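Next comes upload.cif, a file with mmCIF, C-alpha atoms.
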```cif
data_entry
loop_
_atom_site.label_atom_id
_atom_site.label_comp_id
_atom_site.auth_asym_id
_atom_site.auth_seq_id
_atom_site.Cartn_x
_atom_site.Cartn_y
_atom_site.Cartn_z
CA MET A 1 57.16 34.23 103.45
CA ASN A 2 55.80 35.91 106.54
CA GLU A 3 58.90 34.95 108.45
CA HIS A 4 61.05 36.46 105.69
CA VAL A 5 59.12 39.73 105.76
CA GLU A 6 59.35 39.95 109.53
CA TRP A 7 63.09 39.30 109.31
CA SER A 8 63.79 41.77 106.47
CA GLU A 9 61.87 44.75 107.88
CA PRO A 10 64.15 45.29 110.90
CA GLU A 11 67.16 45.18 108.55
CA ALA A 12 65.67 47.88 106.32
CA ALA A 13 64.87 50.04 109.32
CA ALA A 14 68.37 49.62 110.68
CA ALA A 15 70.10 50.69 107.45
CA PRO A 16 69.87 54.47 108.06
CA ALA A 17 71.26 53.97 111.58
CA SER A 18 74.48 52.57 110.09
CA ALA A 19 75.12 55.96 108.49
CA ALA A 20 74.73 57.85 111.76
CA VAL A 21 77.66 59.80 113.14
CA THR A 22 79.72 57.73 115.54
CA PRO A 23 82.04 58.95 118.30
CA ALA A 24 84.93 57.75 116.14
CA ASP A 25 83.73 59.95 113.26
CA ALA A 26 83.48 62.96 115.57
CA ALA A 27 86.96 62.25 116.90
CA ASP A 28 88.38 62.04 113.38
CA ALA A 29 86.69 65.30 112.38
CA ALA A 30 88.06 67.06 115.47
CA ARG A 31 91.46 65.56 114.75
CA LEU A 32 91.41 67.04 111.25
CA VAL A 33 90.54 70.48 112.63
CA ALA A 34 93.33 70.08 115.16
CA PHE A 35 95.74 69.41 112.29
CA GLY A 36 94.46 72.59 110.67
CA LEU A 37 95.42 74.52 113.78
CA GLN A 38 99.04 73.43 113.30
CA PRO A 39 99.84 75.63 110.30
CA LYS A 40 103.43 74.46 109.88
CA LEU A 41 102.39 70.82 109.55
CA GLN A 42 102.49 69.61 105.95
CA PRO A 43 99.88 67.00 104.94
CA ALA A 44 102.42 65.29 102.70
CA ARG A 45 104.62 64.63 105.73
CA ASP A 46 101.95 63.19 108.02
CA GLN A 47 100.12 60.05 106.94
CA GLU A 48 97.15 60.49 109.27
CA TYR A 49 96.67 64.10 108.20
CA GLY A 50 96.78 63.09 104.53
CA GLU A 51 94.24 60.30 105.06
CA LEU A 52 91.84 62.60 106.89
CA LEU A 53 92.14 65.17 104.12
CA ARG A 54 91.34 62.51 101.54
CA ARG A 55 88.34 61.41 103.60
CA TYR A 56 87.13 65.01 103.82
CA ARG A 57 87.29 65.36 100.04
CA GLU A 58 85.69 62.00 99.27
CA ASP A 59 83.14 61.65 102.08
CA PRO A 60 80.60 64.55 102.10
CA PRO A 61 79.00 63.60 105.47
CA PHE A 62 82.43 63.58 107.08
CA ALA A 63 83.25 66.91 105.45
CA ARG A 64 80.06 68.42 106.87
CA LEU A 65 80.94 67.05 110.30
CA ALA A 66 84.45 68.56 110.18
CA ASP A 67 83.02 71.89 109.03
CA ALA A 68 80.57 71.80 111.95
CA VAL A 69 83.39 71.13 114.42
CA ALA A 70 85.34 74.09 113.00
CA THR A 71 82.28 76.33 113.17
CA GLY A 72 81.67 75.35 116.78
CA LEU A 73 85.21 76.45 117.61
CA GLY A 74 84.69 79.81 115.92
CA LEU A 75 86.82 78.91 112.90
CA VAL A 76 86.19 79.59 109.22
CA VAL A 77 87.35 76.93 106.77
CA LEU A 78 89.15 78.67 103.90
CA GLU A 79 90.20 75.61 101.94
CA VAL A 80 90.81 71.91 102.36
CA SER A 81 93.36 70.64 99.87
CA PRO A 82 96.70 68.82 99.63
CA ARG A 83 98.50 72.13 99.06
CA ALA A 84 97.04 74.02 102.05
CA GLY A 85 95.81 71.23 104.30
CA MET A 86 92.84 72.14 106.49
CA ALA A 87 93.28 75.90 106.21
CA VAL A 88 91.23 77.73 108.82
CA THR A 89 91.06 81.26 110.12
CA ALA A 90 89.56 82.49 113.36
CA ALA A 91 86.25 84.33 113.34
CA GLU A 92 86.12 87.53 115.37
CA ASP A 93 84.40 85.86 118.32
CA SER A 94 86.63 82.78 118.35
CA VAL A 95 88.86 81.91 121.28
CA PHE A 96 91.59 81.49 118.66
CA ALA A 97 91.29 85.07 117.39
CA VAL A 98 94.41 87.20 117.84
CA ARG A 99 93.70 90.88 118.38
CA MET A 100 96.04 93.59 117.24
CA GLY A 101 95.84 95.41 120.56
CA ASP A 102 96.99 92.31 122.45
CA TYR A 103 99.72 91.59 119.89
CA ALA A 104 101.06 95.15 120.05
CA ARG A 105 100.91 95.34 123.86
CA ARG A 106 103.11 92.26 124.08
CA SER A 107 105.67 94.12 121.96
CA SER A 108 105.53 97.63 123.38
CA SER A 109 103.94 99.68 126.13
CA ASP A 110 103.40 102.54 123.66
CA ALA A 111 99.74 102.63 122.69
CA GLY A 112 100.59 104.44 119.45
CA ASP A 113 102.61 101.44 118.31
CA ARG A 114 99.41 99.48 117.84
CA PHE A 115 98.84 101.30 114.56
CA LEU A 116 102.40 100.63 113.42
CA HIS A 117 102.10 96.91 114.09
CA GLY A 118 98.84 96.82 112.14
CA LEU A 119 100.42 98.74 109.30
CA ALA A 120 103.39 96.35 109.19
CA HIS A 121 101.06 93.38 108.67
CA LEU A 122 99.02 95.26 106.10
CA ALA A 123 102.17 96.22 104.19
CA VAL A 124 103.52 92.66 104.17
CA ALA A 125 100.24 91.43 102.69
CA ALA A 126 100.08 94.20 100.09
CA LEU A 127 103.70 93.71 99.06
CA ALA A 128 103.34 89.94 98.85
CA PHE A 129 100.16 90.03 96.73
CA PRO A 130 99.97 93.41 94.96
CA ARG A 131 97.54 92.38 92.19
CA PRO A 132 94.21 90.56 92.20
CA GLU A 133 95.62 88.01 89.77
CA ASP A 134 98.35 87.17 92.28
CA LEU A 135 95.74 86.23 94.85
CA ALA A 136 93.71 84.29 92.28
CA ASP A 137 96.68 82.22 91.06
CA ASP A 138 97.14 79.21 93.35
CA GLY A 139 100.68 78.77 92.06
CA TYR A 140 101.80 82.33 92.83
CA ILE A 141 104.47 82.76 95.50
CA GLY A 142 105.04 86.23 96.93
CA ARG A 143 108.42 87.30 98.28
CA VAL A 144 109.13 90.00 100.84
CA SER A 145 112.03 91.23 102.92
CA VAL A 146 112.10 93.18 106.18
CA ASN A 147 113.95 96.12 104.64
CA GLY A 148 111.74 95.96 101.55
CA VAL A 149 108.57 96.23 103.62
CA ASP A 150 110.00 99.20 105.55
CA SER A 151 110.98 100.90 102.28
CA PHE A 152 107.53 100.13 100.88
CA VAL A 153 105.79 101.88 103.77
CA ARG A 154 108.18 104.85 103.77
CA GLN A 155 107.52 105.41 100.08
CA ALA A 156 103.80 105.25 100.82
CA CYS A 157 104.36 107.85 103.56
CA ARG A 158 106.01 110.21 101.08
CA ARG A 159 103.18 109.70 98.59
CA LEU A 160 100.58 110.42 101.27
CA GLU A 161 102.42 113.55 102.40
CA GLN A 162 102.66 114.76 98.82
CA ARG A 163 98.95 114.17 98.28
CA ALA A 164 98.07 115.94 101.53
CA GLU A 165 100.16 118.98 100.58
CA GLU A 166 98.55 119.14 97.14
CA GLN A 167 95.11 119.12 98.73
CA GLY A 168 96.05 121.63 101.43
CA GLU A 169 95.50 119.20 104.28
CA ILE A 170 97.17 119.30 107.68
CA THR A 171 100.36 117.29 107.33
CA ASP A 172 101.36 117.10 111.00
CA PRO A 173 98.54 115.53 113.03
CA ALA A 174 98.89 114.49 116.64
CA THR A 175 100.87 111.28 116.98
CA ASP A 176 98.04 109.59 118.84
CA ALA A 177 95.43 110.44 116.20
CA PRO A 178 93.48 107.37 115.04
CA GLY A 179 93.56 105.97 111.54
CA LEU A 180 96.11 104.40 109.25
CA GLU A 181 97.08 107.72 107.66
CA ALA A 182 98.19 108.95 111.06
CA ALA A 183 100.06 105.68 111.52
CA TRP A 184 101.93 106.23 108.26
CA ARG A 185 103.04 109.65 109.47
CA ILE A 186 104.16 108.20 112.79
CA TRP A 187 106.07 105.55 110.82
CA ALA A 188 107.90 108.24 108.82
CA ARG A 189 109.10 109.86 112.05
CA ARG A 190 110.30 106.59 113.57
CA SER A 191 113.91 105.42 113.15
CA ALA A 192 114.25 102.66 110.59
CA THR A 193 116.79 100.63 112.56
CA GLY A 194 117.83 102.19 115.86
CA ALA A 195 120.39 99.43 116.25
CA THR A 196 122.07 98.85 119.59
CA LYS A 197 125.84 98.80 120.05
CA ASP A 198 125.90 95.09 119.27
CA ALA A 199 123.99 95.67 116.00
CA ARG A 200 120.69 94.25 117.20
CA ARG A 201 117.54 95.91 115.86
CA LEU A 202 115.56 97.84 118.43
CA ALA A 203 112.07 96.42 118.83
CA GLY A 204 110.56 99.90 118.51
CA SER A 205 112.29 100.74 115.22
CA THR A 206 110.27 100.26 112.06
CA THR A 207 112.41 97.36 110.87
CA GLY A 208 112.07 95.89 114.37
CA ILE A 209 108.29 96.11 114.07
CA VAL A 210 108.38 94.54 110.60
CA GLY A 211 110.74 91.86 111.89
CA ARG A 212 108.28 90.94 114.61
CA ALA A 213 105.44 90.83 112.08
CA VAL A 214 107.23 88.46 109.70
CA ALA A 215 108.43 86.31 112.62
CA PHE A 216 104.82 85.98 113.81
CA LEU A 217 103.66 85.13 110.29
CA THR A 218 106.43 82.56 109.97
CA ASP A 219 105.51 80.95 113.30
CA SER A 220 101.88 80.91 112.11
CA GLY A 221 102.74 79.05 108.90
CA PHE A 222 102.03 82.02 106.63
CA LEU A 223 105.62 82.76 105.59
CA GLN A 224 108.79 80.73 105.20
CA ARG A 225 112.19 82.30 105.80
CA THR A 226 114.48 81.97 102.79
CA GLY A 227 117.57 84.00 103.73
CA ASP A 228 119.19 86.76 105.75
CA ASP A 229 119.57 89.43 103.06
CA ASN A 230 117.78 92.77 103.44
CA GLY A 231 117.00 92.13 107.09
CA GLY A 232 115.54 88.70 106.33
CA THR A 233 113.79 87.40 103.21
CA TYR A 234 110.59 85.35 103.14
CA ARG A 235 108.27 83.56 100.75
CA THR A 236 104.53 83.17 101.12
CA THR A 237 102.69 79.91 101.73
CA ALA A 238 99.36 78.69 100.40
CA ARG A 239 97.81 79.43 103.79
CA TYR A 240 98.89 83.06 103.68
CA GLN A 241 97.49 83.48 100.18
CA LEU A 242 94.15 82.14 101.41
CA GLN A 243 94.26 84.42 104.46
CA VAL A 244 94.98 87.54 102.41
CA ARG A 245 92.46 86.51 99.75
CA ASP A 246 89.82 86.29 102.48
CA MET A 247 90.58 89.80 103.76
CA ALA A 248 91.76 91.66 100.66
CA SER A 249 88.54 93.62 100.14
CA GLY A 250 89.31 96.01 103.00
CA ALA A 251 89.54 99.70 102.21
CA ALA A 252 92.93 99.99 103.92
CA MET A 253 94.47 97.44 101.58
CA ALA A 254 93.02 99.23 98.58
CA GLU A 255 94.29 102.57 99.87
CA LEU A 256 97.82 101.25 100.21
CA LEU A 257 97.89 99.62 96.79
CA GLU A 258 96.45 102.66 95.02
CA LEU A 259 99.28 104.86 96.23
CA GLY A 260 101.38 103.51 93.37
CA VAL A 261 103.93 101.61 95.45
CA VAL A 262 104.61 98.36 93.61
CA PRO A 263 106.88 95.43 94.38
CA VAL A 264 109.55 93.63 92.42
CA THR A 265 110.42 89.96 92.70
CA ASP A 266 113.28 90.26 95.19
CA GLY A 267 111.01 91.58 97.94
CA SER A 268 112.16 95.21 97.68
CA ALA A 269 109.90 98.03 96.50
CA THR A 270 109.84 100.90 94.09
CA LEU A 271 107.55 103.90 93.73
CA LEU A 272 105.92 104.56 90.38
CA PRO A 273 103.88 107.66 89.50
CA ALA A 274 100.30 107.02 90.54
CA GLU A 275 97.22 108.26 88.80
CA ASP A 276 94.92 110.50 90.80
CA THR A 277 92.36 108.40 92.64
CA ASP A 278 89.36 109.20 94.78
CA ASP A 279 90.02 109.12 98.49
CA LEU A 280 88.98 105.97 100.30
CA GLU A 281 87.93 105.53 103.90
CA LEU A 282 90.88 104.52 106.04
CA VAL A 283 90.38 101.66 108.44
CA ALA A 284 91.79 102.10 111.93
CA ASP A 285 93.68 99.17 113.45
CA ALA A 286 93.67 97.30 110.14
CA GLY A 287 96.17 94.49 110.03
CA LEU A 288 96.45 90.90 108.89
CA PRO A 289 95.64 88.39 110.26
CA PHE A 290 94.19 90.22 113.25
CA HIS A 291 90.83 91.47 114.38
CA SER A 292 90.62 95.07 115.53
#
```
Starting from the file, give its structure as structure tokens.
Amino acid sequence: MNEHVEWSEPEAAAAPASAAVTPADAADAARLVAFGLQPKLQPARDQEYGELLRRYREDPPFARLADAVATGLGLVVLEVSPRAGMAVTAAEDSVFAVRMGDYARRSSSDAGDRFLHGLAHLAVAALAFPRPEDLADDGYIGRVSVNGVDSFVRQACRRLEQRAEEQGEITDPATDAPGLEAAWRIWARRSATGATKDARRLAGSTTGIVGRAVAFLTDSGFLQRTGDDNGGTYRTTARYQLQVRDMASGAAMAELLELGVVPVTDGSATLLPAEDTDDLELVADAGLPFHS
């Protein structure tokens, strides 16, 4: 009996060690996060990705390990599911964070364009998911077009100008004035197309700015191109819904939606009479999915 006790005690002590994290576990967790950083990759089309997702959902210790790896990289896990995969977004201090100033500078040397690029992203998000129930419904698919987004913002510009005139505000601020309201006024002054002789859109035109925004979102796995009508048509992905859901509480988004500009299913826009609403604080440099 003594021999049995002496033999069994080491086995009991060793049992917790078998549950310890191994290098292979850490590698698998990092691999899953790496899959999440490839937004166009579909779990259904990659066996390893699908197996790691299943492990995350069925193995809580592994899920905690993957979450810790993401946190260490400055990433926020939005959702882990077959529909969205390992959906992550970059925290403000992450090396993966994209900043609007950097994004805009790569497109134009005009510092004032930074606001227009931010507004383009904000408008795409607002047009794609105009109602809270759209963001809450996992099955909802938003649709936008380049020309529709431009029309959407220009209608918002007219609504803002009308409201400013009614309230006796200055309607012609300096073009380099901060704030989204100034950006909307700059947008209204900018040519919509400014096409070159060979019919290419100028990058500095408003449709050129929107085109760059939707191209970036498509490359990032947030939108999928569906056609060439209206300057290019797009549908939203589960990842984009999660991204917008995570950032939809911003005052700038609320300001845009409360102007009364509402979408229809083909990605165009129409302006309906809006009820009077209290003014909201406008957020400078606001834009999805960027940090200011």
Subject >> Atom pair atom CA of Ser81 of chain A / atom CA of Thr233 of chain A: separation (Å) >> reply: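 Taking atom CA of Ser81 of chain A as the start and atom CA of Thr233 of chain A as the end point, the length is 26.6 Å.
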Original post:
What separation in Å, quoted to one decimal, exists between atom CA of Asp219 of chain A and atom CA of Leu116 of chain A?
Top reply: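 Pair atom CA of Asp219 of chain A / atom CA of Leu116 of chain A returns 19.9 Å.
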**OP:** Check what the PyMOL selection byres ((chain A and resi 232) around 12) selects in the file above and give those residues as number ranges by chain.
**Re:** A: 143-150, 207-208, 210-215, 218, 223-231, 233-235, 266-268
Subject >> Explicit residue set for the PyMOL selection byres ((chain A and resi 83-85) around 7), as number ranges by chain >> reply: A: 36, 43, 80-82, 86-87, 238-239
Can I get the selection written as a short mmCIF file (atom, residue, chain, number, x, y, z; two decimals), keeping the file's coordinate frame, with C-alpha atoms?
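Full text of selection_10.cif as output:
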```cif
data_model
loop_
_atom_site.label_atom_id
_atom_site.label_comp_id
_atom_site.auth_asym_id
_atom_site.auth_seq_id
_atom_site.Cartn_x
_atom_site.Cartn_y
_atom_site.Cartn_z
CA GLY A 36 94.46 72.59 110.67
CA PRO A 43 99.88 67.00 104.94
CA VAL A 80 90.81 71.91 102.36
CA SER A 81 93.36 70.64 99.87
CA PRO A 82 96.70 68.82 99.63
CA MET A 86 92.84 72.14 106.49
CA ALA A 87 93.28 75.90 106.21
CA ALA A 238 99.36 78.69 100.40
CA ARG A 239 97.81 79.43 103.79
#
```
Work out where the centre of an axis-aligned box around every listed atom of segment 150-163 of chain A lies and how long its edges are once 4 Å is added on each side; give both in Å to one decimal as JSON.
```
{"center_x": 105.0, "center_y": 107.0, "center_z": 101.9, "size_x": 20.0, "size_y": 23.6, "size_z": 15.3}
```
**OP:** Rounded to one decimal place, report the atom CA of Val88 of chain A-atom CA of Leu75 of chain A distance in Å.
**Re:**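 Straight-line distance from atom CA of Val88 of chain A to atom CA of Leu75 of chain A works out to 6.1 Å.
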Near Lys40 of chain A, counting only C-alpha atoms, which residues have an atom at most 9 Å away, once you skip same-chain residues fewer than 2 positions from it, shown as an mmCIF file with C-alpha atoms, in the coordinates of the input?
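For reference, selection24.cif as written:
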```
data_model
loop_
_atom_site.group_PDB
_atom_site.id
_atom_site.type_symbol
_atom_site.label_atom_id
_atom_site.label_comp_id
_atom_site.auth_asym_id
_atom_site.auth_seq_id
_atom_site.Cartn_x
_atom_site.Cartn_y
_atom_site.Cartn_z
ATOM 1 C CA LEU A 37 95.420 74.520 113.780
ATOM 2 C CA GLN A 38 99.040 73.430 113.300
ATOM 3 C CA GLN A 42 102.490 69.610 105.950
ATOM 4 C CA THR A 218 106.430 82.560 109.970
ATOM 5 C CA ASP A 219 105.510 80.950 113.300
ATOM 6 C CA SER A 220 101.880 80.910 112.110
ATOM 7 C CA GLY A 221 102.740 79.050 108.900
ATOM 8 C CA PHE A 222 102.030 82.020 106.630
#
```
Subject >> Residue members of the PyMOL selection byres ((chain A and resi 123) around 9) in the file shown, as a count of residues only >> reply: 17
**OP:** Rank nothing, just name the residue among A:Asp25, A:Glu51, A:Glu92, A:Asp138 nearest to Gly74 of chain A, using only C-alpha atoms.
**Re:**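 Result for the nearest residue to Gly74 of chain A: A:Glu92.
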Subject >> Surrounding residues of Ala188 of chain A excluding itself and chain neighbours under 2 positions, 7 Å, all atoms listed in the file, as a list in words >> reply: Arg154, Cys157, Trp184, Arg185, Ile186 and Arg190 of chain A
Original post:
Within 12 Å of Ala29 of chain A, counting only C-alpha atoms, which residues qualify if same-chain residues fewer than 2 places away don't, as JSON, numbers by chain?
Top reply: {"A": [21, 22, 23, 24, 25, 26, 27, 31, 32, 33, 34, 35, 36, 48, 49, 51, 52, 53, 55, 56, 59, 60, 61, 62, 63, 64, 65, 66, 67, 68, 69, 70, 71, 86]}
Original post:
So which one's closest to Gly139 of chain A, A:Ala44, A:Met247, A:Asp113, A:Thr236? Using all atoms listed in the file, please.
Top reply: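 When distances to Gly139 of chain A are compared using all atoms listed in the file, the smallest one comes from A:Thr236.
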Original post:
Using all atoms listed in the file, which residue out of A:Glu165, A:Glu79, A:Asp93, A:Asp246 lies closest to Leu135 of chain A?
Top reply: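 Closest to Leu135 of chain A of all the choices is A:Asp246.
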